[in-house]
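K.L.:
Input: one structure, supplied below.
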Amino acid sequence: MRIILAIIFLFFFSLSLSAQQFGGNPPSLKWQQINTDTIRVIFPRGMSLQGERVANIEQYLNRYSRHSIGNLEKKVSIVLQNQTMQSNGYVQLGPFRSEFYLSPSPSSQDLGSLNWVEQLSLHEYRHVLQNMNFRQGVSKVFSYLGGELGQAAATNIAVPNWFWEGDAVVMETALSPQGRGRLPAFFDGFRGLSLAGKQYSYMKIRNGSYVDFVPDHYPLGYLMNTYGREHYGQTFWRDVTSDAVRYRGVFYPLSHSLKKRTGKNVTGFYHAMLQEYQPLWNNYAARPDTTPAVPLMPVAKQVTNYKYVYAAGNNEWVVLKSANNKVPGIYLLNAGGKEQLLVRPGIVYDDFFSYKNGRAVWAAARFDARWGWKDFSVIRIWDKATGSTKTVSPRGKFFSPDISANGQQVIATATTPDMQYSLQLINTQTGTIEKVLPNPENWYYTYPRFAANDQAIISAVRNQKGEMALVQQSLTTGESTVLTPFSFTVLGIPAVNGDTVYFTSGYKDVNDVYALTLSDKKTYEVTDRSNSALHVALDNEKDSLVFSEFTIKGYKLYHAAVKTAGWQQVTISKLDHSAWLQPYFEEGGNILDKVPHDSLPVKKYPQFTRPFNFHSWAPSFNDPDYGISLIGENILSTTTTSLGYTYNRNEGSSDFGASFTFGGWFPYLSTGVDYTINRNGLNQNRERVYWNEITTHVGYSIPLNLSAGLYSRSLSFGSNYNINHSYRDKKYKGNDLQYLTHTLIFNNQRIKATQNIFTHFGQYAAVQYSSSTSGLYAEQLYARLDQYLPGLWQNHNLVLQAAYQQRDNEFNYSFTDNFVYARGYNTPLYTRIYKLGANYHLPLVYPDWGFAQILYFNRIRANLFYDYSMANYFRGDINTRYASAGTELFFDTRIGNVLPFTFGVRFSHLFDQDPVDNAKNRVNFIIPIQQLFSH
């Protein structure tokens, strides 16, 4: 039981540290609400239609879709975020709320083509019902002890993440005409493993890998959920999770319940699921009439993706390449397998790019400096002739651009915050929008492409129901022609070649390549493969095509002949799926046509509603400080509140504090008060003195996001005004101290690949200056700079550090000590100190091994370090050196298959005498909060 409680505590701590986007919307954004007895939907003004649709669907789900999860009830708030270009949604406890990011994803093959508001409503409300109904037994006890975060910690340990997401994907599939459970690409990962003869252990599937491709918890959860439902009934998982959150069977409660109900623990249940599905995938791949194709290049050792392939002439190809150890880049490949990096697109919302006649184009992410929910994109073009990259559009909300043959124009999908979609024609010379094409049906365009004469656009579109079709639209008249019937068959990226449009589609069990001839609007099957293709390009020189197909080593390029004489005509609007890809669930099928369109009252929602909103008790430890706080946050994430107690192990002091921060205006505004008893320290005569103190503070801070291109950048600065009154012992009278603290932090990090330990180039700089303004004299300056550089090999890092701190000689007051000391030393009192450090980080091994579902080792890495420090002691000119060298061994693990956790051990050899205990060597254990580079 102690192990379970420890894991719950660690998970609780990680939840209390994580935060959503705080103060992310400008005050000019006015909010409205639809408030019922079941749900409160909060949305920006002008989004009432979307708010009503969400409210109607969620009320319907609350009333009619509970049989497989439970009947417990709790009202939830849902916030519709319309300023961001991210496509996502989440439900959280602490506080209990959900947020929908309303920008649809352009990739229909990954998430489907359903109306985005409706899909989010189906999927995310299932998470709402899960959280309502998991408040039982031990988890309910933790909700009393720790509030909502206490419940979240207990239930996330008891119920694996694959169930949460798999169950939600089941419901989006069961209650709609599509859902991810009907998308071929959703199963590419597990199908790829099966075709390659790989059957990873349950622990590896749960915890992932730095070296191998491992499907994530979404498809794992869907397969486990559907297998359980088909064999044990609709309410099977309701009963299993009820046992789990009650901790019936303290160790591995979900596995214990599975064993009791099926005779299989969770590992056996996982392998039984694979034994059912793998023969279906293998038999489909073993059909004798599949399309022959040969790899374009040798298989890489690393998991490497080659996506979005384009013919560049002379048997050369342009692709987007990414790998576990390399940042994505656009490369030129030749027939001999040689690769030449052309350009790296950098930070993007969607990694699609287009290429034509020596020019590559993509939509690059841009961010509002202050408001985190406001983000944008710009169109960027790389030109082979000049080797340069430039921005050719204003800042907007663009996706999926394509460039004309002469490079003078770009066509791109554009969205607005009120969910209006269009195609926009951009002049690359002037950077202006030449034309916005008419879109009376408000179709959502995905991956528009110039037709052969650059006078028309061909795009796959989604209508308001979520059906897809290929459409041709004239650039001259704006008139649209539907080329394929609207249906729930997902369509991928088109490639136009003369009178023929090639595209990928989920018509069969995998995404294959199809061709549409514009002259007669007939559709033909071009490839019939064992796993899904993402994108296709034509090789006119060899009358063949190259396509990107998924394997367990990533998306690989394959070459196949184009044999038009053997093409089979198909009706792509009528799915040809195997039975397993046509799931039946007892929920009764599509509800989206049944949900009423009731008109609901809309009222204003003031930004300052429920500013305190206390929801959880949160423990914290940051050695030597240990504490617990009652924390609160309002639903719009513009206020945070904390009432807490902290014990300092070094001093033996106790602090009682309260703080409040408002983030709804340009600066964060904060205030608070702390009362500390039994503080102590050394005076000028090195005598220990004791005192109590009360400190009030008020301040501001401004966080700025300056990210662009390859770099994630942030700059924050602020000031705090503090009034401190101390109550000293008999030797000293009480004193008042008023002081200002100014802080500036700059962080610049080049994006990194999965296996990279740190960025290959970056800086972290921090400066803090505190000085008294009245009363006692006190002053302190602290500065730090970390420089990140590449090492000798791809996943190695050289990290250099410099730090400096100076304080006054009077020692009337001690400010917070942020200095990073030479490792291994117990440095005594000083007035000035500096340190130089060098670190060489390198991976040692990727074990992909664990035991007992408790601890899993993903990576073991080392750091070789040298620290040189010089300290000047108060009222003297004596400088004392502290130098050390040694090694640190870090273990990147997961605890309980859930919590990422890094710990390590450090050996330090001291070149100088330690002033406290004269040690020459020292061994320390390292936990994450004590790591050197944990900004």
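Each chain of the structure tokens is named A, B, ... in the order shown, its residues numbered from 1; ligands are numbered from 1 in display order.
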Need the shell around region 235-242 of chain A: protein/DNA/RNA residues with any atom at most 8 Å away, counting only C-alpha atoms. Skip same-chain ones fewer than 3 positions apart. Format as a PyMOL selection string?
P.N.:
chain A and resi 67-70+134+136+159+225+228-229+232+245-246+254+257-258
K.L.:
Show me, as a PDB file with N, CA and C atoms, in the first residue's frame, the residues that have an atom within 6 Å of region 454-462 of chain A when counting only C-alpha atoms, minus same-chain residues fewer than 3 positions from it.
P.N.:
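Listed below is the output, selection_3.pdb:
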```pdb
ATOM      1  N   TRP A 443     -17.568  25.177 -46.813  1.00  0.00           N
ATOM      2  CA  TRP A 443     -16.780  23.955 -46.827  1.00  0.00           C
ATOM      3  C   TRP A 443     -15.440  24.204 -46.139  1.00  0.00           C
ATOM      4  N   TYR A 444     -14.914  23.150 -45.537  1.00  0.00           N
ATOM      5  CA  TYR A 444     -13.566  23.225 -44.994  1.00  0.00           C
ATOM      6  C   TYR A 444     -12.627  22.592 -46.010  1.00  0.00           C
ATOM      7  N   TYR A 445     -11.764  23.399 -46.632  1.00  0.00           N
ATOM      8  CA  TYR A 445     -10.835  22.925 -47.649  1.00  0.00           C
ATOM      9  C   TYR A 445      -9.625  22.257 -46.989  1.00  0.00           C
ATOM     10  N   THR A 446      -9.192  21.123 -47.550  1.00  0.00           N
ATOM     11  CA  THR A 446      -7.993  20.449 -47.056  1.00  0.00           C
ATOM     12  C   THR A 446      -7.028  20.231 -48.217  1.00  0.00           C
ATOM     13  N   TYR A 447      -5.838  20.747 -48.107  1.00  0.00           N
ATOM     14  CA  TYR A 447      -4.759  20.536 -49.066  1.00  0.00           C
ATOM     15  C   TYR A 447      -5.151  20.932 -50.498  1.00  0.00           C
ATOM     16  N   PRO A 448      -5.467  22.194 -50.729  1.00  0.00           N
ATOM     17  CA  PRO A 448      -5.793  22.629 -52.098  1.00  0.00           C
ATOM     18  C   PRO A 448      -4.566  22.581 -52.995  1.00  0.00           C
ATOM     19  N   ARG A 449      -4.777  22.229 -54.278  1.00  0.00           N
ATOM     20  CA  ARG A 449      -3.666  22.148 -55.227  1.00  0.00           C
ATOM     21  C   ARG A 449      -4.051  22.859 -56.522  1.00  0.00           C
ATOM     22  N   PHE A 450      -3.072  23.558 -57.099  1.00  0.00           N
ATOM     23  CA  PHE A 450      -3.280  24.159 -58.415  1.00  0.00           C
ATOM     24  C   PHE A 450      -3.486  23.042 -59.447  1.00  0.00           C
ATOM     25  N   ALA A 451      -4.492  23.227 -60.303  1.00  0.00           N
ATOM     26  CA  ALA A 451      -4.648  22.328 -61.442  1.00  0.00           C
ATOM     27  C   ALA A 451      -3.568  22.639 -62.466  1.00  0.00           C
ATOM     28  N   GLY A 466     -19.719  16.759 -42.176  1.00  0.00           N
ATOM     29  CA  GLY A 466     -18.498  15.992 -42.045  1.00  0.00           C
ATOM     30  C   GLY A 466     -18.247  15.055 -43.198  1.00  0.00           C
ATOM     31  N   GLU A 467     -19.049  15.141 -44.254  1.00  0.00           N
ATOM     32  CA  GLU A 467     -18.816  14.342 -45.451  1.00  0.00           C
ATOM     33  C   GLU A 467     -17.737  15.011 -46.299  1.00  0.00           C
ATOM     34  N   MET A 468     -17.025  14.203 -47.096  1.00  0.00           N
ATOM     35  CA  MET A 468     -15.930  14.713 -47.912  1.00  0.00           C
ATOM     36  C   MET A 468     -16.193  14.463 -49.393  1.00  0.00           C
ATOM     37  N   ALA A 469     -15.605  15.344 -50.205  1.00  0.00           N
ATOM     38  CA  ALA A 469     -15.653  15.192 -51.662  1.00  0.00           C
ATOM     39  C   ALA A 469     -14.465  15.919 -52.260  1.00  0.00           C
ATOM     40  N   LEU A 470     -14.074  15.508 -53.474  1.00  0.00           N
ATOM     41  CA  LEU A 470     -13.106  16.275 -54.248  1.00  0.00           C
ATOM     42  C   LEU A 470     -13.861  17.348 -55.027  1.00  0.00           C
ATOM     43  N   VAL A 471     -13.305  18.567 -55.007  1.00  0.00           N
ATOM     44  CA  VAL A 471     -13.963  19.709 -55.638  1.00  0.00           C
ATOM     45  C   VAL A 471     -12.958  20.448 -56.497  1.00  0.00           C
ATOM     46  N   GLN A 472     -13.418  20.925 -57.647  1.00  0.00           N
ATOM     47  CA  GLN A 472     -12.613  21.803 -58.495  1.00  0.00           C
ATOM     48  C   GLN A 472     -13.257  23.188 -58.489  1.00  0.00           C
ATOM     49  N   GLN A 473     -12.428  24.215 -58.258  1.00  0.00           N
ATOM     50  CA  GLN A 473     -12.953  25.578 -58.192  1.00  0.00           C
ATOM     51  C   GLN A 473     -12.145  26.490 -59.115  1.00  0.00           C
ATOM     52  N   SER A 474     -12.862  27.260 -59.935  1.00  0.00           N
ATOM     53  CA  SER A 474     -12.225  28.154 -60.901  1.00  0.00           C
ATOM     54  C   SER A 474     -11.661  29.374 -60.184  1.00  0.00           C
ATOM     55  N   LEU A 475     -10.421  29.737 -60.527  1.00  0.00           N
ATOM     56  CA  LEU A 475      -9.840  30.952 -59.975  1.00  0.00           C
ATOM     57  C   LEU A 475     -10.420  32.198 -60.640  1.00  0.00           C
TER      58      LEU A 475
END
```
K.L.:
Output as an MDAnalysis selection string all residues of region 47-184 of chain A that backbone DSSP marks as strand (DSSP E or B).
P.N.:
chainID A and resid 76:81 87:92 97:102
K.L.:
Using only C-alpha atoms, which protein or nucleic acid residues come within 10 Å of Gln569 (chain A)? Drop anything in the same chain fewer than 2 positions from it, and give the result as a PDB file with N, CA and C atoms, in the first residue's frame.
P.N.:
```pdb
ATOM      1  N   TYR A 514      -5.661   6.400 -55.254  1.00  0.00           N
ATOM      2  CA  TYR A 514      -6.733   6.348 -56.239  1.00  0.00           C
ATOM      3  C   TYR A 514      -6.511   7.462 -57.258  1.00  0.00           C
ATOM      4  N   ALA A 515      -7.165   7.336 -58.401  1.00  0.00           N
ATOM      5  CA  ALA A 515      -7.026   8.323 -59.470  1.00  0.00           C
ATOM      6  C   ALA A 515      -8.403   8.724 -59.965  1.00  0.00           C
ATOM      7  N   LEU A 516      -8.575  10.017 -60.202  1.00  0.00           N
ATOM      8  CA  LEU A 516      -9.811  10.553 -60.763  1.00  0.00           C
ATOM      9  C   LEU A 516      -9.481  11.200 -62.097  1.00  0.00           C
ATOM     10  N   LYS A 522     -14.485   9.709 -63.400  1.00  0.00           N
ATOM     11  CA  LYS A 522     -14.444   8.331 -62.946  1.00  0.00           C
ATOM     12  C   LYS A 522     -13.261   8.129 -61.999  1.00  0.00           C
ATOM     13  N   THR A 523     -13.466   7.289 -60.994  1.00  0.00           N
ATOM     14  CA  THR A 523     -12.448   7.039 -59.984  1.00  0.00           C
ATOM     15  C   THR A 523     -11.942   5.609 -60.104  1.00  0.00           C
ATOM     16  N   TYR A 524     -10.613   5.447 -60.012  1.00  0.00           N
ATOM     17  CA  TYR A 524      -9.989   4.142 -60.186  1.00  0.00           C
ATOM     18  C   TYR A 524      -9.055   3.853 -59.009  1.00  0.00           C
ATOM     19  N   GLU A 525      -8.950   2.579 -58.706  1.00  0.00           N
ATOM     20  CA  GLU A 525      -7.985   2.125 -57.710  1.00  0.00           C
ATOM     21  C   GLU A 525      -6.617   1.976 -58.384  1.00  0.00           C
ATOM     22  N   VAL A 526      -5.592   2.634 -57.810  1.00  0.00           N
ATOM     23  CA  VAL A 526      -4.240   2.598 -58.384  1.00  0.00           C
ATOM     24  C   VAL A 526      -3.344   1.634 -57.613  1.00  0.00           C
ATOM     25  N   GLY A 566      -4.809  -1.678 -66.242  1.00  0.00           N
ATOM     26  CA  GLY A 566      -5.311  -2.600 -65.230  1.00  0.00           C
ATOM     27  C   GLY A 566      -6.070  -1.930 -64.103  1.00  0.00           C
ATOM     28  N   TRP A 567      -6.287  -0.624 -64.195  1.00  0.00           N
ATOM     29  CA  TRP A 567      -7.007   0.069 -63.135  1.00  0.00           C
ATOM     30  C   TRP A 567      -8.445  -0.424 -63.039  1.00  0.00           C
ATOM     31  N   THR A 571     -16.464   2.930 -56.810  1.00  0.00           N
ATOM     32  CA  THR A 571     -17.349   3.981 -56.302  1.00  0.00           C
ATOM     33  C   THR A 571     -16.887   4.320 -54.901  1.00  0.00           C
ATOM     34  N   ILE A 572     -16.094   5.346 -54.809  1.00  0.00           N
ATOM     35  CA  ILE A 572     -15.356   5.577 -53.576  1.00  0.00           C
ATOM     36  C   ILE A 572     -16.240   6.027 -52.432  1.00  0.00           C
TER      37      ILE A 572
END
```
K.L.:
List the neighbours of Tyr626 (chain A) out to 9 Å using only C-alpha atoms; skip same-chain residues closer than 5 positions along the sequence, and give me the result as a list of chain:residue names.
P.N.:
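Counting only C-alpha atoms, the residues come to A:Pro619, A:Ser620, A:Phe621, A:Tyr645, A:Thr646, A:Tyr647, A:Asn648, A:Arg649.
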K.L.:
Would you give me, as CSV, each residue of region 845-903 of chain A having an atom within 12 Å of an atom of region 751-768 of chain A, along with its shortest atom pair and that distance in Å to one decimal, using only C-alpha atoms and sorting by chain and residue number?
P.N.:
```
residue,atom,partner,partner_atom,distance
A:Val845,CA,A:Gln755,CA,11.4
A:Tyr846,CA,A:Gln755,CA,10.0
A:Asn858,CA,A:Gln755,CA,10.8
A:Arg859,CA,A:Gln755,CA,9.5
A:Ile860,CA,A:Ile757,CA,10.9
A:Arg861,CA,A:Ile757,CA,8.8
A:Ala862,CA,A:Ile757,CA,10.4
A:Asn863,CA,A:Ile757,CA,10.8
A:Phe890,CA,A:Ile757,CA,11.2
A:Asp892,CA,A:Ile757,CA,10.6
```
K.L.:
Those residues you just picked out, can you put them in a file as a compact mmCIF listing (two decimals), in the first residue's frame with N, CA and C atoms?
P.N.:
```
# COMPACT_ATOMS: atom_id res chain seq x y z
N VAL A 845 22.47 4.04 -22.98
CA VAL A 845 21.72 2.87 -23.44
C VAL A 845 20.23 3.18 -23.37
N TYR A 846 19.47 2.53 -24.25
CA TYR A 846 18.01 2.63 -24.24
C TYR A 846 17.47 1.24 -23.87
N ASN A 858 13.40 3.87 -19.89
CA ASN A 858 13.46 4.25 -21.30
C ASN A 858 14.87 4.59 -21.75
N ARG A 859 15.62 5.26 -20.88
CA ARG A 859 16.96 5.70 -21.28
C ARG A 859 17.82 5.87 -20.05
N ILE A 860 19.10 5.52 -20.20
CA ILE A 860 20.11 5.81 -19.18
C ILE A 860 21.15 6.70 -19.84
N ARG A 861 21.46 7.83 -19.21
CA ARG A 861 22.39 8.78 -19.79
C ARG A 861 23.35 9.29 -18.72
N ALA A 862 24.43 9.88 -19.19
CA ALA A 862 25.47 10.33 -18.28
C ALA A 862 25.79 11.79 -18.55
N ASN A 863 26.40 12.41 -17.54
CA ASN A 863 26.91 13.77 -17.67
C ASN A 863 28.28 13.83 -17.01
N PHE A 890 21.92 9.52 -15.05
CA PHE A 890 20.49 9.78 -15.00
C PHE A 890 19.71 8.61 -15.58
N ASP A 892 16.03 7.91 -17.09
CA ASP A 892 14.75 8.43 -17.57
C ASP A 892 13.76 7.27 -17.55
```
K.L.:
Could you check the closest approach to Gly358 (chain A) for each of A:Leu643, A:Phe398, A:Asn133, A:Glu316 and tell me which residue wins, using only C-alpha atoms?
P.N.:
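So, comparing all the options, the nearest one is A:Glu316.
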K.L.:
Would you list the contacts of Thr389 (chain A) as a ChimeraX atom specification, taking every protein, DNA or RNA residue within 12 Å and counting only C-alpha atoms, but skipping same-chain residues closer than 3 positions in sequence?
P.N.:
/A:342-346,359-362,364,379-386,392,709
K.L.:
List the neighbours of Gly51 (chain A) out to 9 Å using only C-alpha atoms; skip same-chain residues closer than 3 positions along the sequence, and give me the result as a ChimeraX atom specification.
P.N.:
/A:33-34,41-43,47-48,54-56,80,602
K.L.:
Enumerate as a compact mmCIF listing (two decimals) with N, CA and C atoms, in the first residue's frame all residues of region 187-281 of chain A assigned to helix (DSSP H, G or I) by DSSP on the backbone, naming them with the chain letters and numbers the document uses.
P.N.:
```
# COMPACT_ATOMS: atom_id res chain seq x y z
N PHE A 187 -5.12 2.59 -37.35
CA PHE A 187 -4.58 1.29 -36.97
C PHE A 187 -3.25 0.98 -37.66
N ASP A 188 -2.68 1.95 -38.37
CA ASP A 188 -1.43 1.70 -39.11
C ASP A 188 -0.32 1.19 -38.22
N GLY A 189 -0.20 1.75 -37.01
CA GLY A 189 0.89 1.36 -36.13
C GLY A 189 0.80 -0.09 -35.69
N PHE A 190 -0.32 -0.50 -35.15
CA PHE A 190 -0.47 -1.89 -34.71
C PHE A 190 -0.44 -2.84 -35.90
N ARG A 191 -1.02 -2.42 -37.03
CA ARG A 191 -0.98 -3.27 -38.22
C ARG A 191 0.47 -3.42 -38.69
N GLY A 192 1.24 -2.33 -38.67
CA GLY A 192 2.64 -2.39 -39.07
C GLY A 192 3.45 -3.33 -38.20
N LEU A 193 3.23 -3.29 -36.89
CA LEU A 193 3.93 -4.21 -35.99
C LEU A 193 3.57 -5.65 -36.31
N SER A 194 2.29 -5.90 -36.57
CA SER A 194 1.86 -7.26 -36.87
C SER A 194 2.49 -7.77 -38.16
N LEU A 195 2.51 -6.93 -39.20
CA LEU A 195 3.09 -7.35 -40.48
C LEU A 195 4.59 -7.60 -40.36
N TYR A 202 3.55 -5.64 -22.98
CA TYR A 202 2.56 -4.66 -22.53
C TYR A 202 3.25 -3.44 -21.94
N MET A 203 4.33 -3.63 -21.19
CA MET A 203 5.01 -2.50 -20.58
C MET A 203 5.62 -1.58 -21.65
N LYS A 204 6.16 -2.17 -22.70
CA LYS A 204 6.75 -1.33 -23.75
C LYS A 204 5.66 -0.55 -24.49
N ILE A 205 4.52 -1.21 -24.76
CA ILE A 205 3.42 -0.51 -25.41
C ILE A 205 2.93 0.64 -24.52
N ARG A 206 2.91 0.45 -23.22
CA ARG A 206 2.45 1.49 -22.31
C ARG A 206 3.42 2.66 -22.21
N ASN A 207 4.72 2.35 -22.23
CA ASN A 207 5.72 3.35 -21.87
C ASN A 207 6.48 3.94 -23.05
N HIS A 217 -1.43 5.52 -26.93
CA HIS A 217 -2.50 4.93 -26.13
C HIS A 217 -3.87 5.08 -26.76
N TYR A 218 -4.02 5.89 -27.80
CA TYR A 218 -5.32 6.01 -28.45
C TYR A 218 -5.73 4.72 -29.17
N PRO A 219 -4.96 4.24 -30.16
CA PRO A 219 -5.36 2.97 -30.79
C PRO A 219 -5.29 1.79 -29.84
N LEU A 220 -4.31 1.77 -28.93
CA LEU A 220 -4.26 0.70 -27.94
C LEU A 220 -5.56 0.66 -27.14
N GLY A 221 -5.99 1.82 -26.68
CA GLY A 221 -7.20 1.88 -25.88
C GLY A 221 -8.45 1.49 -26.65
N TYR A 222 -8.53 1.92 -27.90
CA TYR A 222 -9.71 1.56 -28.70
C TYR A 222 -9.77 0.05 -28.91
N LEU A 223 -8.64 -0.57 -29.25
CA LEU A 223 -8.63 -2.01 -29.49
C LEU A 223 -8.94 -2.78 -28.21
N MET A 224 -8.38 -2.35 -27.09
CA MET A 224 -8.67 -3.02 -25.82
C MET A 224 -10.14 -2.85 -25.44
N ASN A 225 -10.67 -1.67 -25.63
CA ASN A 225 -12.07 -1.41 -25.28
C ASN A 225 -13.03 -2.22 -26.15
N THR A 226 -12.81 -2.21 -27.46
CA THR A 226 -13.72 -2.93 -28.35
C THR A 226 -13.62 -4.44 -28.13
N TYR A 227 -12.41 -4.94 -27.89
CA TYR A 227 -12.26 -6.37 -27.60
C TYR A 227 -13.04 -6.74 -26.33
N GLY A 228 -12.94 -5.93 -25.30
CA GLY A 228 -13.66 -6.19 -24.07
C GLY A 228 -15.16 -6.14 -24.25
N ARG A 229 -15.63 -5.13 -25.00
CA ARG A 229 -17.08 -5.02 -25.24
C ARG A 229 -17.62 -6.21 -26.03
N GLU A 230 -16.89 -6.59 -27.08
CA GLU A 230 -17.38 -7.66 -27.95
C GLU A 230 -17.45 -9.00 -27.22
N HIS A 231 -16.54 -9.23 -26.28
CA HIS A 231 -16.48 -10.53 -25.62
C HIS A 231 -17.21 -10.56 -24.28
N TYR A 232 -17.36 -9.41 -23.63
CA TYR A 232 -17.91 -9.43 -22.27
C TYR A 232 -19.07 -8.46 -22.06
N PHE A 236 -19.12 -4.05 -19.44
CA PHE A 236 -17.92 -4.70 -18.90
C PHE A 236 -16.94 -3.68 -18.33
N TRP A 237 -16.64 -2.66 -19.10
CA TRP A 237 -15.62 -1.70 -18.66
C TRP A 237 -16.14 -0.80 -17.54
N ARG A 238 -17.45 -0.57 -17.50
CA ARG A 238 -18.01 0.17 -16.37
C ARG A 238 -17.71 -0.55 -15.07
N ASP A 239 -17.88 -1.87 -15.08
CA ASP A 239 -17.66 -2.66 -13.87
C ASP A 239 -16.17 -2.76 -13.54
N VAL A 240 -15.33 -2.92 -14.57
CA VAL A 240 -13.88 -3.04 -14.35
C VAL A 240 -13.32 -1.74 -13.78
N THR A 241 -13.69 -0.62 -14.36
CA THR A 241 -13.15 0.66 -13.87
C THR A 241 -13.72 1.02 -12.51
N SER A 242 -14.95 0.62 -12.23
CA SER A 242 -15.49 0.85 -10.89
C SER A 242 -14.67 0.11 -9.84
N ASP A 243 -14.31 -1.14 -10.12
CA ASP A 243 -13.41 -1.87 -9.22
C ASP A 243 -12.08 -1.14 -9.08
N ALA A 244 -11.55 -0.66 -10.20
CA ALA A 244 -10.21 -0.07 -10.21
C ALA A 244 -10.16 1.20 -9.37
N VAL A 245 -11.10 2.13 -9.58
CA VAL A 245 -11.04 3.41 -8.85
C VAL A 245 -11.38 3.22 -7.38
N PRO A 253 -5.07 -2.42 -9.56
CA PRO A 253 -6.52 -2.66 -9.37
C PRO A 253 -7.26 -2.99 -10.67
N LEU A 254 -6.91 -2.35 -11.79
CA LEU A 254 -7.61 -2.67 -13.03
C LEU A 254 -7.25 -4.09 -13.49
N SER A 255 -5.99 -4.43 -13.39
CA SER A 255 -5.56 -5.78 -13.76
C SER A 255 -6.22 -6.82 -12.85
N HIS A 256 -6.34 -6.48 -11.57
CA HIS A 256 -6.98 -7.39 -10.61
C HIS A 256 -8.44 -7.64 -11.01
N SER A 257 -9.15 -6.58 -11.42
CA SER A 257 -10.54 -6.73 -11.82
C SER A 257 -10.65 -7.54 -13.12
N LEU A 258 -9.76 -7.31 -14.07
CA LEU A 258 -9.77 -8.10 -15.30
C LEU A 258 -9.56 -9.58 -15.01
N LYS A 259 -8.63 -9.87 -14.12
CA LYS A 259 -8.36 -11.26 -13.76
C LYS A 259 -9.59 -11.90 -13.15
N LYS A 260 -10.27 -11.16 -12.28
CA LYS A 260 -11.46 -11.69 -11.61
C LYS A 260 -12.58 -11.96 -12.61
N ARG A 261 -12.71 -11.09 -13.64
CA ARG A 261 -13.87 -11.16 -14.53
C ARG A 261 -13.60 -11.98 -15.81
N THR A 262 -12.32 -12.08 -16.20
CA THR A 262 -12.02 -12.77 -17.47
C THR A 262 -11.04 -13.93 -17.31
N VAL A 266 -4.03 -7.89 -17.01
CA VAL A 266 -4.03 -6.91 -18.09
C VAL A 266 -3.05 -7.31 -19.19
N THR A 267 -1.93 -7.95 -18.83
CA THR A 267 -0.98 -8.40 -19.84
C THR A 267 -1.59 -9.51 -20.70
N GLY A 268 -2.24 -10.47 -20.06
CA GLY A 268 -2.89 -11.52 -20.82
C GLY A 268 -4.04 -11.01 -21.67
N PHE A 269 -4.76 -10.03 -21.16
CA PHE A 269 -5.86 -9.43 -21.91
C PHE A 269 -5.33 -8.72 -23.15
N TYR A 270 -4.21 -8.01 -23.00
CA TYR A 270 -3.57 -7.31 -24.14
C TYR A 270 -3.16 -8.31 -25.22
N HIS A 271 -2.54 -9.42 -24.83
CA HIS A 271 -2.10 -10.40 -25.82
C HIS A 271 -3.29 -11.12 -26.46
N ALA A 272 -4.35 -11.32 -25.71
CA ALA A 272 -5.56 -11.92 -26.28
C ALA A 272 -6.16 -10.99 -27.33
N MET A 273 -6.15 -9.69 -27.06
CA MET A 273 -6.64 -8.73 -28.05
C MET A 273 -5.82 -8.82 -29.33
N LEU A 274 -4.49 -8.87 -29.21
CA LEU A 274 -3.65 -8.97 -30.40
C LEU A 274 -3.92 -10.26 -31.17
N GLN A 275 -4.13 -11.35 -30.47
CA GLN A 275 -4.38 -12.63 -31.14
C GLN A 275 -5.67 -12.59 -31.95
N GLU A 276 -6.57 -11.71 -31.58
CA GLU A 276 -7.82 -11.60 -32.34
C GLU A 276 -7.64 -10.72 -33.58
N TYR A 277 -6.92 -9.61 -33.45
CA TYR A 277 -6.83 -8.65 -34.55
C TYR A 277 -5.70 -8.94 -35.53
N GLN A 278 -4.58 -9.46 -35.04
CA GLN A 278 -3.43 -9.64 -35.92
C GLN A 278 -3.70 -10.55 -37.12
N PRO A 279 -4.42 -11.67 -36.96
CA PRO A 279 -4.71 -12.48 -38.15
C PRO A 279 -5.54 -11.73 -39.19
N LEU A 280 -6.41 -10.84 -38.75
CA LEU A 280 -7.21 -10.06 -39.70
C LEU A 280 -6.31 -9.17 -40.54
N TRP A 281 -5.36 -8.52 -39.91
CA TRP A 281 -4.44 -7.64 -40.63
C TRP A 281 -3.49 -8.45 -41.52
```
K.L.:
Rank A:Leu864, A:Ile631, A:Ala495, A:Leu889 by their smallest atom-to-atom distance to Tyr308 (chain A), using only C-alpha atoms, and report the top residue only.
P.N.:
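Using only C-alpha atoms, the shortest distance to Tyr308 (chain A) belongs to A:Ala495.
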